[in-house]
6 protein chains.
Amino acid sequence: MFKVRIDDEISLMLLQEKDAGKIFKVVDSCRNYLREWLPWVDDMKSEEDYLPVIKMWLKQFAENEGFQAAILYKNEIVGMIGFHHIDWRNSNTSIGYWLAEKFQGKGIMTRACKEMVRIAFEEYQLNRVEIRCGEKNEKSRAIPERLGFRQEGIIRDGENLYGHFHNSLVYGLTRKDIR
Amino acid sequence: MFKVRIDDEISLMLLQEKDAGKIFKVVDSCRNYLREWLPWVDDMKSEEDYLPVIKMWLKQFAENEGFQAAILYKNEIVGMIGFHHIDWRNSNTSIGYWLAEKFQGKGIMTRACKEMVRIAFEEYQLNRVEIRCGEKNEKSRAIPERLGFRQEGIIRDGENLYGHFHNSLVYGLTRKDIR
Amino acid sequence: MFKVRIDDEISLMLLQEKDAGKIFKVVDSCRNYLREWLPWVDDMKSEEDYLPVIKMWLKQFAENEGFQAAILYKNEIVGMIGFHHIDWRNSNTSIGYWLAEKFQGKGIMTRACKEMVRIAFEEYQLNRVEIRCGEKNEKSRAIPERLGFRQEGIIRDGENLYGHFHNSLVYGLTRKDIR
Amino acid sequence: MFKVRIDDEISLMLLQEKDAGKIFKVVDSCRNYLREWLPWVDDMKSEEDYLPVIKMWLKQFAENEGFQAAILYKNEIVGMIGFHHIDWRNSNTSIGYWLAEKFQGKGIMTRACKEMVRIAFEEYQLNRVEIRCGEKNEKSRAIPERLGFRQEGIIRDGENLYGHFHNSLVYGLTRKDIR
Amino acid sequence: MFKVRIDDEISLMLLQEKDAGKIFKVVDSCRNYLREWLPWVDDMKSEEDYLPVIKMWLKQFAENEGFQAAILYKNEIVGMIGFHHIDWRNSNTSIGYWLAEKFQGKGIMTRACKEMVRIAFEEYQLNRVEIRCGEKNEKSRAIPERLGFRQEGIIRDGENLYGHFHNSLVYGLTRKDIR
Amino acid sequence: MFKVRIDDEISLMLLQEKDAGKIFKVVDSCRNYLREWLPWVDDMKSEEDYLPVIKMWLKQFAENEGFQAAILYKNEIVGMIGFHHIDWRNSNTSIGYWLAEKFQGKGIMTRACKEMVRIAFEEYQLNRVEIRCGEKNEKSRAIPERLGFRQEGIIRDGENLYGHFHNSLVYGLTRKDIR
């Protein structure tokens with residue numbers, strides 16, 4: 001309902017309780033694909049499991065600590081993108097995202113992420129945006145690379161997925177970069 | 001940032017902390033006009049006074065109890081409209097609104113309120129929408145009358161404004177009315 | 001234990017945890033009778049179900065937002081009456097009540113409700129008291145009519161009972177009426 | 001408003017926000033007399049200071065942990081009595097009280113305290129009631145002694161009053177004592 | 001991990017979540033012995049049951065209301081000792097403790113309790129320490145007697161153990177006693 | 001009071017309210033030195049300012065999210081070290097620290113930090129420890145370098161100090177490194 005329009009095809013939308021069924025269906029449609037890099041997929045077994053999560057996301061927004069938004073493509077939910085947190089003291093944030101399998105390859109996430117970067121710098125007047133990707137998650141890495149982020153380091157064993165540790169690449173974009 | 005688009009001129013937008021200055025200015029620009037029918041105008045003396053209120057509005061949204069939205073006209077904040085509360089058990093809600101003085105007479109509130117009615121019936125699947133207006137507040141009464149609400153009663157001394165009691169008219173619109 | 005005495009037969013009493021068994025028994029004795037107009041009857045299946053409700057009622061009292069009281073007739077619990085909420089800004093409140101089937105016809109509720117009106121005007125110094133009744137609930141409507149309330153309107157589809165909407169009559173009594 | 005009637009002269013009443021002025025006046029009328037044995041008297045400088053305290057007392061009642069009540073003598077507030085806490089696991093409680101100076105000598109506190117003992121044993125079905133008095137507070141000690149409590153010990157330096165420690169006498173009454 | 005060293009054999013340690021298994025095992029090793037005087041033993045059926053309790057103990061410490069500590073003997077958990085609460089206004093506290101069966105007779109509890117008394121007087125600058133023991137719990141009574149506490153009274157029916165009431169002896173030690 | 005002993009000279013201690021004066025004095029003794037790299041120094045103007053902070057640190061410990069500890073050198077508070085947070089899902093944590101000016105150069109922080117690393121890997125069984133230092137803060141950088149951490153990247157503009165952004169170096173140590 002409440003959206004940030006990106007272009008004729010894509011917008012970002014805050015999820016409400018009434019949308020629980022829709023977000024459940026997208027995740028459920030490609031569980032195996034998503035669970036490779038997302039640790040929470042197995043926990044979401046029904047529409048009801050999204051109700052407390054949606055409330056938590058909106059509380060984050062109410063607390064002025066960033067937001068989680070559904071990505072709409074031609075008016076259909078196809079993934080999510082969000083700020084994990086906003087560190088107002090240090091004026092930075094980080095972005096996380098996922099896209100359903102069958103909507104890959106249309107430039108959707110690049111456009112969505114570009115808008116999130118704009119929101120961080122222009123709307124929230126932050127100084128730095130960070131994206132962390134699994135070292136071997138090439139689809140995910142392509143996003144910050146396409147958007148001009150610089151690779152700043154490699155966090156060894158940064159993420160635990162199903163009992164195995166994976167290195168995380170840190171990509172950063174600062175206000176200076178975009179001038 | 002997050003908006004419901006109504007038409008080329010008008011949209012509804014959730015307010016965030018960063019918008020406190022803008023909403024303060026609109027109210028401040030026509031304090032005398034607004035305070036005639038709004039009891040809270042005198043309490044809002046600075047931009048900072050809106051911070052806890054904006055948080056409270058977004059918490060209402062997070063709790064799935066309705067929302068308060070700024071009305072944007074040609075991308076400028078000109079007023080607000082919202083659901084006071086959603087009574088899910090009885091499947092109804094009520095709408096409140098105000099518009100800055102100099103934006104009167106453009107049909108802004110009628111269009112905004114019509115969209116709120118649509119949201120109530122279509123998005124939230126409610127059965128009834130109510131609007132209460134001061135008996136002598138003719139500008140306010142014109143809105144539900146234009147939108148097909150039926151006058152259902154008069155609540156004697158329904159509202160206390162600066163120590164004086166005023167009758168409130170109750171207007172209702174039910175799902176049956178719009179079929 | 002803590003009571004407002006009305007007359008030799010009737011008083012109002014705040015319920016405590018220790019009274020859960022008694023209130024359960026009264027409701028249980030006439031479930032079919034009560035459920036016609038009360039949506040919560042089916043939810044109360046045991047004495048224990050009343051413990052969180054009693055705590056919630058006493059918290060309402062502690063927050064200075066009105067109270068819910070058992071009606072005692074000859075020292076036996078026979079029903080309940082309460083203020084749904086007190087709107088201190090607008091100086092008004094509304095009353096709700098129910099009476100067990102076999103105690104109907106003794107004027108108990110009229111006397112209890114008259115005392116609640118007195119409490120609202122004299123003890124809490126409010127300006128207005130409202131009662132809403134189902135349009136077809138003739139026993140309930142008789143109470144405000146007997147006590148001089150004026151019928152101020154009809155809220156169409158005001159209440160949802162077991163999936164069916166019912167009109168609610170609004171009755172009001174203001175400080176001016178009783179002078 | 002909500003009272004436990006003791007006899008024609010005396011009753012116990014739960015205090016509400018609206019009673020803040022009355023309880024302030026009683027304490028204020030004999031500050032010097034009361035402060036000798038009550039450490040909180042100096043903190044209560046205005047009617048408003050009682051508002052959070054009254055809310056706290058009613059929350060104790062709502063949590064089923066006992067209550068604090070005003071003592072009414074001929075419909076006037078003359079003191080207070082209450083249960084500090086109820087220890088449901090060990091089935092005991094303790095009583096505290098004070099009486100305004102000019103109402104001393106009428107047997108008011110003995111009658112009030114006797115009713116509290118009855119409430120503890122009969123209404124709450126507790127097994128033990130305790131009263132602690134300053135060793136040198138003879139007026140206070142007279143109450144449990146008159147009501148058949150047994151002196152069970154002396155807590156050395158049990159209470160700190162204005163920087164000086166005082167011994168406290170422990171008086172106890174058990175269910176066995178009253179059979 | 002965080003310890004107060006008493007001597008080469010004994011220290012007190014704050015329990016953390018990671019210690020839940022160890023504390024469970026000690027209690028489990030002598031359930032029948034402990035349950036005679038401790039009402040909570042039967043409630044602790046698994047390691048997980050200790051998680052909320054450990055959190056509660058550390059919150060007490062965080063709130064500056066005293067602490068509960070494991071007693072380590074030669075680096076092994078053998079019992080617990082703690083302050084039930086600190087009454088800062090009256091400058092006193094009380095101590096509770098238990099020791100696993102097979103570590104009795106080594107002077108462990110006397111040394112642990114002596115340190116707790118030192119902490120109360122020297123670290124927290126309190127004026128009084130109290131210990132309550134079951135009248136017939138001779139092992140427990142030996143501790144305050146050995147440490148110079150004075151028996152100040154007998155609380156009749158002070159404790160409810162499995163439905164039977166037991167007298168509690170009150171032992172006190174004040175700052176004056178130790179000068 | 002509650003300490004982790006490191007060697008004859010050094011230990012880590014949980015701070016309690018009673019230690020507020022001591023920690024205030026250490027910081028106050030070298031404000032100018034500390035504020036170069038610590039953004040919070042100017043906020044701590046009195047002993048009382050530490051009370052809510054100490055409570056917050058102990059709550060972190062109670063929530064099993066790591067801890068903040070004073071560093072004691074020859075029984076005197078000379079600095080602090082702590083885990084910012086524990087990420088149990090990804091099995092990692094990060095360390096922060098500061099040392100008063102006149103205790104520099106004695107190897108205190110290297111020893112303290114080495115113990116924190118041991119606690120992370122052995123006591124909490126974590127997989128990774130991270131330290132972030134200002135790129136130009138050579139004293140701080142020496143610690144992870146001495147302890148075998150690997151420099152994994154440089155977070156550009158990672159920290160905001162008095163309105164200026166500074167790069168942060170990320171140092172990491174994983175369980176594999178120490179085998």
# chains A, B, ... in the order shown; residues from 1 in each chain; ligands from 1
>>> residues_around(residues="B:Tyr171", least_positions_apart="3", cutoff="10 Å", atoms="only C-alpha atoms", output="list in words")
Ser94, Val129, Glu130, Ile131, Arg132, Cys133, Arg141, Pro144, Glu145, Gly148, Phe149, Arg150, Gln151, Glu152, Gly153, Ile154 and Ser168 of chain B; Ile155 and Arg156 of chain C
>>> residues_around(residues="stretch 37-49 of chain D", least_positions_apart="6", cutoff="10 Å", atoms="only C-alpha atoms", output="PyMOL selection string")
(chain D and resi 17+19-25+27-28+30-31+97-98+133-134+136-137+140+159-162+166) or (chain E and resi 89)
>>> residues_around(residues="D:Asn92", least_positions_apart="4", cutoff="12 Å", atoms="only C-alpha atoms", output="PyMOL selection string")
(chain D and resi 65-66+83-88+117+120-121+124-131+172-175) or (chain E and resi 155-160+165)
>>> write_last_selection(atoms="N, CA and C atoms", output="mmCIF file, in the first residue's frame")
data_model
loop_
_atom_site.group_PDB
_atom_site.id
_atom_site.type_symbol
_atom_site.label_atom_id
_atom_site.label_comp_id
_atom_site.auth_asym_id
_atom_site.auth_seq_id
_atom_site.Cartn_x
_atom_site.Cartn_y
_atom_site.Cartn_z
ATOM 1 N N GLU D 65 -1.468 -8.645 44.862
ATOM 2 C CA GLU D 65 -0.392 -8.659 45.863
ATOM 3 C C GLU D 65 -0.772 -7.872 47.114
ATOM 4 N N GLY D 66 -2.071 -7.775 47.386
ATOM 5 C CA GLY D 66 -2.544 -6.999 48.525
ATOM 6 C C GLY D 66 -3.031 -5.632 48.088
ATOM 7 N N PHE D 83 -1.769 -4.063 53.172
ATOM 8 C CA PHE D 83 -0.864 -5.215 53.185
ATOM 9 C C PHE D 83 0.372 -4.818 52.382
ATOM 10 N N HIS D 84 1.564 -4.961 52.951
ATOM 11 C CA HIS D 84 2.776 -4.583 52.211
ATOM 12 C C HIS D 84 2.937 -5.417 50.950
ATOM 13 N N HIS D 85 2.507 -6.660 51.033
ATOM 14 C CA HIS D 85 2.769 -7.627 49.978
ATOM 15 C C HIS D 85 2.068 -8.908 50.412
ATOM 16 N N ILE D 86 1.705 -9.770 49.475
ATOM 17 C CA ILE D 86 1.233 -11.108 49.868
ATOM 18 C C ILE D 86 2.224 -12.131 49.345
ATOM 19 N N ASP D 87 2.756 -12.957 50.235
ATOM 20 C CA ASP D 87 3.652 -14.040 49.855
ATOM 21 C C ASP D 87 2.790 -15.297 49.729
ATOM 22 N N TRP D 88 2.292 -15.526 48.492
ATOM 23 C CA TRP D 88 1.337 -16.625 48.300
ATOM 24 C C TRP D 88 1.987 -17.992 48.550
ATOM 25 N N VAL D 117 -7.105 -8.325 59.371
ATOM 26 C CA VAL D 117 -6.771 -9.697 59.782
ATOM 27 C C VAL D 117 -7.844 -10.658 59.267
ATOM 28 N N ALA D 120 -7.328 -11.164 55.593
ATOM 29 C CA ALA D 120 -6.184 -12.033 55.315
ATOM 30 C C ALA D 120 -6.549 -13.512 55.517
ATOM 31 N N PHE D 121 -7.205 -13.816 56.617
ATOM 32 C CA PHE D 121 -7.499 -15.224 56.906
ATOM 33 C C PHE D 121 -8.713 -15.736 56.131
ATOM 34 N N TYR D 124 -8.544 -14.051 51.786
ATOM 35 C CA TYR D 124 -7.376 -14.516 51.037
ATOM 36 C C TYR D 124 -6.876 -15.881 51.512
ATOM 37 N N GLN D 125 -7.485 -16.425 52.560
ATOM 38 C CA GLN D 125 -7.150 -17.769 53.046
ATOM 39 C C GLN D 125 -5.664 -17.923 53.363
ATOM 40 N N LEU D 126 -5.078 -16.863 53.927
ATOM 41 C CA LEU D 126 -3.659 -16.937 54.284
ATOM 42 C C LEU D 126 -3.491 -17.645 55.622
ATOM 43 N N ASN D 127 -2.241 -17.995 55.930
ATOM 44 C CA ASN D 127 -1.965 -18.756 57.149
ATOM 45 C C ASN D 127 -1.371 -17.896 58.254
ATOM 46 N N ARG D 128 -0.799 -16.737 57.870
ATOM 47 C CA ARG D 128 -0.080 -15.942 58.868
ATOM 48 C C ARG D 128 -0.141 -14.462 58.524
ATOM 49 N N VAL D 129 -0.280 -13.636 59.571
ATOM 50 C CA VAL D 129 -0.245 -12.183 59.406
ATOM 51 C C VAL D 129 0.805 -11.627 60.357
ATOM 52 N N GLU D 130 1.598 -10.696 59.841
ATOM 53 C CA GLU D 130 2.674 -10.136 60.654
ATOM 54 C C GLU D 130 2.503 -8.624 60.757
ATOM 55 N N ILE D 131 2.889 -8.063 61.900
ATOM 56 C CA ILE D 131 2.940 -6.608 62.061
ATOM 57 C C ILE D 131 4.283 -6.267 62.691
ATOM 58 N N GLY D 172 3.289 -11.703 65.365
ATOM 59 C CA GLY D 172 2.698 -12.629 64.404
ATOM 60 C C GLY D 172 1.386 -13.215 64.901
ATOM 61 N N LEU D 173 0.514 -13.500 63.941
ATOM 62 C CA LEU D 173 -0.741 -14.176 64.264
ATOM 63 C C LEU D 173 -0.906 -15.260 63.206
ATOM 64 N N THR D 174 -1.118 -16.500 63.634
ATOM 65 C CA THR D 174 -1.274 -17.562 62.647
ATOM 66 C C THR D 174 -2.683 -18.128 62.728
ATOM 67 N N ARG D 175 -3.026 -18.840 61.699
ATOM 68 C CA ARG D 175 -4.341 -19.476 61.622
ATOM 69 C C ARG D 175 -4.621 -20.317 62.863
ATOM 70 N N ILE E 155 9.920 -16.756 63.860
ATOM 71 C CA ILE E 155 8.749 -16.437 63.043
ATOM 72 C C ILE E 155 7.931 -17.715 62.933
ATOM 73 N N ARG E 156 6.817 -17.731 63.628
ATOM 74 C CA ARG E 156 5.999 -18.953 63.625
ATOM 75 C C ARG E 156 5.373 -19.190 62.242
ATOM 76 N N ASP E 157 5.438 -20.401 61.759
ATOM 77 C CA ASP E 157 4.880 -20.748 60.432
ATOM 78 C C ASP E 157 5.463 -19.869 59.330
ATOM 79 N N GLY E 158 6.735 -19.541 59.440
ATOM 80 C CA GLY E 158 7.317 -18.592 58.492
ATOM 81 C C GLY E 158 7.448 -19.156 57.090
ATOM 82 N N GLU E 159 7.556 -20.471 56.962
ATOM 83 C CA GLU E 159 7.814 -21.043 55.659
ATOM 84 C C GLU E 159 6.881 -22.211 55.375
ATOM 85 N N ASN E 160 6.451 -22.296 54.137
ATOM 86 C CA ASN E 160 5.576 -23.382 53.696
ATOM 87 C C ASN E 160 6.395 -24.329 52.827
ATOM 88 N N PHE E 165 3.702 -26.011 57.354
ATOM 89 C CA PHE E 165 4.351 -24.775 57.802
ATOM 90 C C PHE E 165 5.411 -25.065 58.844
#
>>> select_by_dssp(residues="chain B", states="strand (DSSP E or B)", output="count of residues only")
63
>>> interface_residues(of="chain B", to="chain A", cutoff="6 Å", atoms="only C-alpha atoms", output="ChimeraX atom specification")
/B:2-4,55,58-59,62
>>> residues_around(residues="D:Arg111", least_positions_apart="6", cutoff="12 Å", atoms="only C-alpha atoms", output="MDAnalysis selection string")
chainID D and resid 5:12 71:73 81 105 117:118 143:144 146:147
>>> write_last_selection(atoms="N, CA, C and O atoms", output="mmCIF file, in the first residue's frame")
data_model
loop_
_atom_site.group_PDB
_atom_site.id
_atom_site.type_symbol
_atom_site.label_atom_id
_atom_site.label_comp_id
_atom_site.auth_asym_id
_atom_site.auth_seq_id
_atom_site.Cartn_x
_atom_site.Cartn_y
_atom_site.Cartn_z
ATOM 1 N N ARG D 5 -17.038 -2.111 54.354
ATOM 2 C CA ARG D 5 -17.673 -1.531 55.539
ATOM 3 C C ARG D 5 -17.255 -2.322 56.776
ATOM 4 O O ARG D 5 -17.290 -3.562 56.780
ATOM 5 N N ILE D 6 -16.835 -1.632 57.830
ATOM 6 C CA ILE D 6 -16.455 -2.325 59.063
ATOM 7 C C ILE D 6 -17.577 -2.213 60.088
ATOM 8 O O ILE D 6 -18.056 -3.198 60.615
ATOM 9 N N ASP D 7 -18.006 -1.004 60.378
ATOM 10 C CA ASP D 7 -19.156 -0.812 61.265
ATOM 11 C C ASP D 7 -19.795 0.519 60.893
ATOM 12 O O ASP D 7 -19.465 1.087 59.856
ATOM 13 N N ASP D 8 -20.703 1.017 61.685
ATOM 14 C CA ASP D 8 -21.411 2.243 61.302
ATOM 15 C C ASP D 8 -20.480 3.436 61.142
ATOM 16 O O ASP D 8 -20.789 4.387 60.420
ATOM 17 N N GLU D 9 -19.365 3.404 61.840
ATOM 18 C CA GLU D 9 -18.450 4.551 61.775
ATOM 19 C C GLU D 9 -17.318 4.391 60.770
ATOM 20 O O GLU D 9 -16.860 5.374 60.200
ATOM 21 N N ILE D 10 -16.851 3.158 60.599
ATOM 22 C CA ILE D 10 -15.580 2.956 59.913
ATOM 23 C C ILE D 10 -15.709 2.097 58.661
ATOM 24 O O ILE D 10 -16.450 1.121 58.641
ATOM 25 N N SER D 11 -14.961 2.486 57.625
ATOM 26 C CA SER D 11 -14.819 1.605 56.468
ATOM 27 C C SER D 11 -13.447 1.827 55.839
ATOM 28 O O SER D 11 -12.755 2.799 56.154
ATOM 29 N N LEU D 12 -13.078 0.877 54.971
ATOM 30 C CA LEU D 12 -11.817 0.963 54.239
ATOM 31 C C LEU D 12 -12.158 1.309 52.796
ATOM 32 O O LEU D 12 -13.094 0.751 52.244
ATOM 33 N N ILE D 71 -8.595 4.727 55.514
ATOM 34 C CA ILE D 71 -9.551 4.443 56.594
ATOM 35 C C ILE D 71 -10.508 5.626 56.663
ATOM 36 O O ILE D 71 -10.071 6.781 56.799
ATOM 37 N N LEU D 72 -11.807 5.338 56.494
ATOM 38 C CA LEU D 72 -12.826 6.392 56.608
ATOM 39 C C LEU D 72 -13.472 6.314 57.982
ATOM 40 O O LEU D 72 -13.901 5.243 58.421
ATOM 41 N N TYR D 73 -13.544 7.426 58.644
ATOM 42 C CA TYR D 73 -14.246 7.512 59.936
ATOM 43 C C TYR D 73 -15.342 8.559 59.750
ATOM 44 O O TYR D 73 -15.057 9.713 59.416
ATOM 45 N N ILE D 81 -4.326 1.977 55.893
ATOM 46 C CA ILE D 81 -3.893 0.652 56.333
ATOM 47 C C ILE D 81 -3.722 -0.191 55.072
ATOM 48 O O ILE D 81 -4.426 0.028 54.083
ATOM 49 N N GLY D 105 -7.252 7.511 69.723
ATOM 50 C CA GLY D 105 -8.013 7.340 70.960
ATOM 51 C C GLY D 105 -9.464 6.961 70.773
ATOM 52 O O GLY D 105 -10.246 6.951 71.716
ATOM 53 N N VAL D 117 -7.105 -8.325 59.371
ATOM 54 C CA VAL D 117 -6.771 -9.697 59.782
ATOM 55 C C VAL D 117 -7.844 -10.658 59.267
ATOM 56 O O VAL D 117 -7.541 -11.726 58.730
ATOM 57 N N ARG D 118 -9.090 -10.270 59.411
ATOM 58 C CA ARG D 118 -10.183 -11.092 58.893
ATOM 59 C C ARG D 118 -10.039 -11.305 57.376
ATOM 60 O O ARG D 118 -10.174 -12.412 56.863
ATOM 61 N N ILE D 143 -1.693 -1.932 68.964
ATOM 62 C CA ILE D 143 -2.662 -2.562 68.042
ATOM 63 C C ILE D 143 -2.500 -4.077 68.013
ATOM 64 O O ILE D 143 -3.445 -4.802 68.352
ATOM 65 N N PRO D 144 -1.328 -4.624 67.628
ATOM 66 C CA PRO D 144 -1.227 -6.087 67.589
ATOM 67 C C PRO D 144 -1.397 -6.705 68.976
ATOM 68 O O PRO D 144 -1.950 -7.820 69.086
ATOM 69 N N ARG D 146 -3.383 -5.708 71.339
ATOM 70 C CA ARG D 146 -4.828 -5.771 71.608
ATOM 71 C C ARG D 146 -5.517 -6.875 70.783
ATOM 72 O O ARG D 146 -6.504 -7.455 71.208
ATOM 73 N N LEU D 147 -4.969 -7.152 69.613
ATOM 74 C CA LEU D 147 -5.636 -8.106 68.710
ATOM 75 C C LEU D 147 -5.119 -9.535 68.862
ATOM 76 O O LEU D 147 -5.443 -10.409 68.059
#
>>> closest_residue(among="C:Ile178, C:Gly163, C:Lys102, C:Gly79", to="C:Lys114", atoms="only C-alpha atoms")
C:Ile178
>>> select_by_dssp(residues="stretch 80-133 of chain E", states="helix (DSSP H, G or I)", output="JSON, numbers by chain")
{"E": [101, 102, 103, 108, 109, 110, 111, 112, 113, 114, 115, 116, 117, 118, 119, 120, 121, 122, 123]}
>>> write_last_selection(atoms="N, CA and C atoms", output="mmCIF file, in the first residue's frame")
data_model
loop_
_atom_site.group_PDB
_atom_site.id
_atom_site.type_symbol
_atom_site.label_atom_id
_atom_site.label_comp_id
_atom_site.auth_asym_id
_atom_site.auth_seq_id
_atom_site.Cartn_x
_atom_site.Cartn_y
_atom_site.Cartn_z
ATOM 1 N N GLU E 101 25.184 -32.295 49.155
ATOM 2 C CA GLU E 101 25.326 -33.188 50.308
ATOM 3 C C GLU E 101 26.774 -33.596 50.559
ATOM 4 N N LYS E 102 27.452 -33.989 49.481
ATOM 5 C CA LYS E 102 28.769 -34.588 49.730
ATOM 6 C C LYS E 102 29.860 -33.568 50.046
ATOM 7 N N PHE E 103 29.517 -32.285 50.043
ATOM 8 C CA PHE E 103 30.530 -31.283 50.390
ATOM 9 C C PHE E 103 30.292 -30.717 51.797
ATOM 10 N N ILE E 108 32.886 -25.216 54.260
ATOM 11 C CA ILE E 108 32.717 -24.424 53.037
ATOM 12 C C ILE E 108 31.707 -23.298 53.244
ATOM 13 N N MET E 109 30.526 -23.658 53.780
ATOM 14 C CA MET E 109 29.484 -22.642 53.883
ATOM 15 C C MET E 109 29.838 -21.577 54.906
ATOM 16 N N THR E 110 30.496 -21.946 55.969
ATOM 17 C CA THR E 110 30.879 -20.942 56.959
ATOM 18 C C THR E 110 31.800 -19.906 56.324
ATOM 19 N N ARG E 111 32.756 -20.395 55.540
ATOM 20 C CA ARG E 111 33.674 -19.463 54.893
ATOM 21 C C ARG E 111 32.960 -18.605 53.829
ATOM 22 N N ALA E 112 32.078 -19.239 53.071
ATOM 23 C CA ALA E 112 31.352 -18.491 52.036
ATOM 24 C C ALA E 112 30.472 -17.421 52.673
ATOM 25 N N CYS E 113 29.806 -17.797 53.743
ATOM 26 C CA CYS E 113 28.870 -16.878 54.386
ATOM 27 C C CYS E 113 29.623 -15.738 55.061
ATOM 28 N N LYS E 114 30.767 -16.047 55.608
ATOM 29 C CA LYS E 114 31.586 -15.008 56.233
ATOM 30 C C LYS E 114 31.975 -13.951 55.188
ATOM 31 N N GLU E 115 32.298 -14.401 54.000
ATOM 32 C CA GLU E 115 32.649 -13.461 52.938
ATOM 33 C C GLU E 115 31.438 -12.614 52.530
ATOM 34 N N MET E 116 30.260 -13.249 52.503
ATOM 35 C CA MET E 116 29.056 -12.490 52.154
ATOM 36 C C MET E 116 28.796 -11.394 53.197
ATOM 37 N N VAL E 117 29.032 -11.711 54.447
ATOM 38 C CA VAL E 117 28.864 -10.722 55.513
ATOM 39 C C VAL E 117 29.848 -9.573 55.300
ATOM 40 N N ARG E 118 31.097 -9.923 54.954
ATOM 41 C CA ARG E 118 32.092 -8.880 54.673
ATOM 42 C C ARG E 118 31.637 -7.991 53.504
ATOM 43 N N ILE E 119 31.144 -8.631 52.439
ATOM 44 C CA ILE E 119 30.674 -7.863 51.281
ATOM 45 C C ILE E 119 29.545 -6.904 51.687
ATOM 46 N N ALA E 120 28.613 -7.410 52.489
ATOM 47 C CA ALA E 120 27.486 -6.577 52.906
ATOM 48 C C ALA E 120 27.963 -5.353 53.686
ATOM 49 N N PHE E 121 28.844 -5.575 54.647
ATOM 50 C CA PHE E 121 29.280 -4.447 55.488
ATOM 51 C C PHE E 121 30.323 -3.571 54.812
ATOM 52 N N GLU E 122 31.308 -4.195 54.146
ATOM 53 C CA GLU E 122 32.410 -3.396 53.604
ATOM 54 C C GLU E 122 32.150 -2.887 52.190
ATOM 55 N N GLU E 123 31.696 -3.766 51.323
ATOM 56 C CA GLU E 123 31.523 -3.345 49.939
ATOM 57 C C GLU E 123 30.243 -2.522 49.773
#
>>> atom_distance(atom1="atom CA of F:Ile95", atom2="atom CA of A:Glu135")
24.1 Å
>>> decode(residues="stretch 8-20 of chain F", atoms="C-alpha atoms", output="PDB file, in the first residue's frame")
ATOM      1  CA  ASP F   8      49.479 -11.320  39.587  1.00  0.00           C
ATOM      2  CA  GLU F   9      49.080  -7.766  38.362  1.00  0.00           C
ATOM      3  CA  ILE F  10      45.968  -7.730  36.229  1.00  0.00           C
ATOM      4  CA  SER F  11      42.343  -8.773  36.448  1.00  0.00           C
ATOM      5  CA  LEU F  12      39.004  -7.901  34.845  1.00  0.00           C
ATOM      6  CA  MET F  13      36.149  -6.774  37.079  1.00  0.00           C
ATOM      7  CA  LEU F  14      32.420  -6.208  36.553  1.00  0.00           C
ATOM      8  CA  LEU F  15      31.523  -2.688  37.607  1.00  0.00           C
ATOM      9  CA  GLN F  16      28.686  -2.068  40.065  1.00  0.00           C
ATOM     10  CA  GLU F  17      26.951   1.163  41.078  1.00  0.00           C
ATOM     11  CA  LYS F  18      29.306   1.498  44.036  1.00  0.00           C
ATOM     12  CA  ASP F  19      32.249   1.731  41.603  1.00  0.00           C
ATOM     13  CA  ALA F  20      30.887   4.767  39.735  1.00  0.00           C
TER      14      ALA F  20
END
